[in-house]
Amino acid sequence: MFAVRRIRADEGLRLRSIRLAALADAPGDATTTLARAEARSEDHWMEAAVANSSGALQATFFAEPTDDQGTVLDGEPCGLLGAYANETGIVNLVGLWSAPGHRDIGVASALLQAVAEWGSTIGADRLRMWVVERNEFARAFWTKEGFEPTGARIPYELDPRLDQVAMVRQL
């Protein structure tokens, strides 16, 4: 079992730890590299936590393992999803990750639901995800969650021979 919540302002180092774990676990699916993320200063992560804990234009959510009574267990979060609004009505999703051992049990869907609720509170009407075209597993997940391809494509920064495709879901 697990619980989802928005990160707190004091969780910069925890955010760093989880993001590094995600990048190490799934290299080639993000728009940054593990080396780039590791090179970011402690201040960067502290500032990111503050901004994502309460900002109206960006948010990060953790999924945390719980016991059968719903009490959060000690240790690292088992999932992560970030979001930011940069266009009228659109919330972009970034960095979705579920830890090994916590996949296919609803963690990603619960994180997505938390972001959708947050997006509604800021007046957004759509969620958008850019996914590397070769990642069929991710594309299948987003389709199952109600996302549809828009036809928009951009080169994948880490390998411009590949494209990222936009998928959108109405709120």
# chains A, B, ... in the order shown; residues from 1 in each chain; ligands from 1
$ residues_around --residues "A:Ala30" --least-positions-apart "4" --cutoff "12 Å" --atoms "only C-alpha atoms" --output "PDB file with N, CA and C atoms, in the first residue's frame"
ATOM      1  N   ARG A  19      15.013  11.476  -7.259  1.00  0.00           N
ATOM      2  CA  ARG A  19      15.224  11.766  -8.683  1.00  0.00           C
ATOM      3  C   ARG A  19      16.459  11.034  -9.203  1.00  0.00           C
ATOM      4  N   LEU A  20      17.527  10.985  -8.427  1.00  0.00           N
ATOM      5  CA  LEU A  20      18.717  10.244  -8.849  1.00  0.00           C
ATOM      6  C   LEU A  20      18.413   8.754  -8.971  1.00  0.00           C
ATOM      7  N   ALA A  22      15.555   7.454  -9.725  1.00  0.00           N
ATOM      8  CA  ALA A  22      14.736   7.300 -10.926  1.00  0.00           C
ATOM      9  C   ALA A  22      15.593   7.341 -12.184  1.00  0.00           C
ATOM     10  N   LEU A  23      16.513   8.283 -12.247  1.00  0.00           N
ATOM     11  CA  LEU A  23      17.370   8.395 -13.429  1.00  0.00           C
ATOM     12  C   LEU A  23      18.310   7.197 -13.553  1.00  0.00           C
ATOM     13  N   ALA A  24      18.795   6.676 -12.438  1.00  0.00           N
ATOM     14  CA  ALA A  24      19.661   5.491 -12.475  1.00  0.00           C
ATOM     15  C   ALA A  24      18.874   4.262 -12.920  1.00  0.00           C
ATOM     16  N   ASP A  25      17.619   4.195 -12.508  1.00  0.00           N
ATOM     17  CA  ASP A  25      16.775   3.044 -12.823  1.00  0.00           C
ATOM     18  C   ASP A  25      16.300   3.041 -14.273  1.00  0.00           C
ATOM     19  N   ALA A  26      16.043   4.216 -14.829  1.00  0.00           N
ATOM     20  CA  ALA A  26      15.467   4.299 -16.173  1.00  0.00           C
ATOM     21  C   ALA A  26      16.219   5.316 -17.027  1.00  0.00           C
ATOM     22  N   LEU A  34      21.661  11.193 -15.506  1.00  0.00           N
ATOM     23  CA  LEU A  34      22.046  11.025 -14.110  1.00  0.00           C
ATOM     24  C   LEU A  34      23.223  11.936 -13.781  1.00  0.00           C
ATOM     25  N   ARG A  36      24.086  14.814 -15.089  1.00  0.00           N
ATOM     26  CA  ARG A  36      23.641  16.210 -14.965  1.00  0.00           C
ATOM     27  C   ARG A  36      22.937  16.439 -13.630  1.00  0.00           C
ATOM     28  N   ALA A  37      22.075  15.514 -13.269  1.00  0.00           N
ATOM     29  CA  ALA A  37      21.333  15.659 -12.014  1.00  0.00           C
ATOM     30  C   ALA A  37      22.270  15.584 -10.817  1.00  0.00           C
ATOM     31  N   LEU A  93       3.606  17.104 -17.434  1.00  0.00           N
ATOM     32  CA  LEU A  93       4.031  16.086 -16.472  1.00  0.00           C
ATOM     33  C   LEU A  93       5.480  15.717 -16.751  1.00  0.00           C
ATOM     34  N   VAL A  94       6.261  15.588 -15.690  1.00  0.00           N
ATOM     35  CA  VAL A  94       7.680  15.253 -15.846  1.00  0.00           C
ATOM     36  C   VAL A  94       8.118  14.269 -14.771  1.00  0.00           C
ATOM     37  N   GLY A  95       8.991  13.361 -15.173  1.00  0.00           N
ATOM     38  CA  GLY A  95       9.677  12.519 -14.206  1.00  0.00           C
ATOM     39  C   GLY A  95       8.850  11.455 -13.518  1.00  0.00           C
ATOM     40  N   LEU A  96       7.798  10.950 -14.159  1.00  0.00           N
ATOM     41  CA  LEU A  96       7.025   9.887 -13.520  1.00  0.00           C
ATOM     42  C   LEU A  96       7.913   8.673 -13.301  1.00  0.00           C
ATOM     43  N   TRP A  97       7.876   8.160 -12.059  1.00  0.00           N
ATOM     44  CA  TRP A  97       8.686   6.987 -11.726  1.00  0.00           C
ATOM     45  C   TRP A  97       8.066   6.249 -10.561  1.00  0.00           C
ATOM     46  N   MET A 129       1.934  15.062 -21.601  1.00  0.00           N
ATOM     47  CA  MET A 129       3.136  14.271 -21.351  1.00  0.00           C
ATOM     48  C   MET A 129       3.888  14.122 -22.658  1.00  0.00           C
ATOM     49  N   TRP A 130       5.176  14.350 -22.622  1.00  0.00           N
ATOM     50  CA  TRP A 130       6.044  14.077 -23.770  1.00  0.00           C
ATOM     51  C   TRP A 130       6.735  12.743 -23.493  1.00  0.00           C
ATOM     52  N   VAL A 131       6.591  11.809 -24.382  1.00  0.00           N
ATOM     53  CA  VAL A 131       7.159  10.483 -24.172  1.00  0.00           C
ATOM     54  C   VAL A 131       8.035  10.110 -25.365  1.00  0.00           C
ATOM     55  N   VAL A 132       9.182   9.497 -25.076  1.00  0.00           N
ATOM     56  CA  VAL A 132      10.086   9.061 -26.139  1.00  0.00           C
ATOM     57  C   VAL A 132       9.347   8.019 -26.985  1.00  0.00           C
ATOM     58  N   ASN A 135       9.443   4.229 -26.461  1.00  0.00           N
ATOM     59  CA  ASN A 135       9.057   3.678 -25.168  1.00  0.00           C
ATOM     60  C   ASN A 135       7.595   3.216 -25.216  1.00  0.00           C
ATOM     61  N   ALA A 138       5.641   2.989 -21.800  1.00  0.00           N
ATOM     62  CA  ALA A 138       5.135   4.272 -21.314  1.00  0.00           C
ATOM     63  C   ALA A 138       3.949   4.741 -22.145  1.00  0.00           C
ATOM     64  N   TYR A 156      14.237  14.303 -29.301  1.00  0.00           N
ATOM     65  CA  TYR A 156      14.623  13.896 -27.951  1.00  0.00           C
ATOM     66  C   TYR A 156      16.032  14.423 -27.709  1.00  0.00           C
ATOM     67  N   GLU A 157      16.174  15.294 -26.723  1.00  0.00           N
ATOM     68  CA  GLU A 157      17.426  16.005 -26.488  1.00  0.00           C
ATOM     69  C   GLU A 157      18.626  15.068 -26.352  1.00  0.00           C
ATOM     70  N   LEU A 158      18.461  13.949 -25.675  1.00  0.00           N
ATOM     71  CA  LEU A 158      19.599  13.059 -25.427  1.00  0.00           C
ATOM     72  C   LEU A 158      19.976  12.216 -26.635  1.00  0.00           C
ATOM     73  N   ASP A 159      19.069  12.098 -27.607  1.00  0.00           N
ATOM     74  CA  ASP A 159      19.344  11.366 -28.842  1.00  0.00           C
ATOM     75  C   ASP A 159      18.448  11.936 -29.930  1.00  0.00           C
ATOM     76  N   GLN A 164      10.263  12.775 -29.311  1.00  0.00           N
ATOM     77  CA  GLN A 164       9.297  12.664 -28.230  1.00  0.00           C
ATOM     78  C   GLN A 164       7.958  13.043 -28.845  1.00  0.00           C
TER      79      GLN A 164
END
$ select_by_dssp --residues "chain A" --states "strand (DSSP E or B)" --output "ChimeraX atom specification"
/A:2-6,58-66,72,79-87,90-98,126-132,148-155,163-170
$ closest_residue --among "A:Glu133, A:Pro149, A:Phe141, A:Cys78" --to "A:Val4" --atoms "only C-alpha atoms"
A:Cys78
$ residues_around --residues "A:Met1" --least-positions-apart "5" --cutoff "7 Å" --atoms "only C-alpha atoms" --output "list in words"
Pro65, Thr66, Asp67 and Asp68 of chain A
$ write_last_selection --atoms "C-alpha atoms" --output "mmCIF file, in the first residue's frame"
data_model
loop_
_atom_site.group_PDB
_atom_site.id
_atom_site.type_symbol
_atom_site.label_atom_id
_atom_site.label_comp_id
_atom_site.auth_asym_id
_atom_site.auth_seq_id
_atom_site.Cartn_x
_atom_site.Cartn_y
_atom_site.Cartn_z
ATOM 1 C CA PRO A 65 4.833 3.048 1.199
ATOM 2 C CA THR A 66 2.359 2.496 4.043
ATOM 3 C CA ASP A 67 1.459 -0.378 6.322
ATOM 4 C CA ASP A 68 -1.978 -2.017 6.317
#
$ closest_residue --among "A:Val91, A:Val165, A:Leu57, A:Met46" --to "A:Ser17" --atoms "only C-alpha atoms"
A:Met46
$ residues_around --residues "A:Ala9" --least-positions-apart "6" --cutoff "6 Å" --atoms "only C-alpha atoms" --output "PyMOL selection string"
chain A and resi 49-50+53
$ atom_distance --atom1 "atom CA of A:Leu162" --atom2 "atom CA of A:Ile18"
26.4 Å
$ closest_residue --among "A:Ala63, A:Ala35, A:Leu127, A:Ala114" --to "A:Glu76" --atoms "only C-alpha atoms"
A:Ala63
$ closest_residue --among "A:Gly55, A:Glu11, A:Gly79, A:Asp163" --to "A:Ile105" --atoms "only C-alpha atoms"
A:Gly79
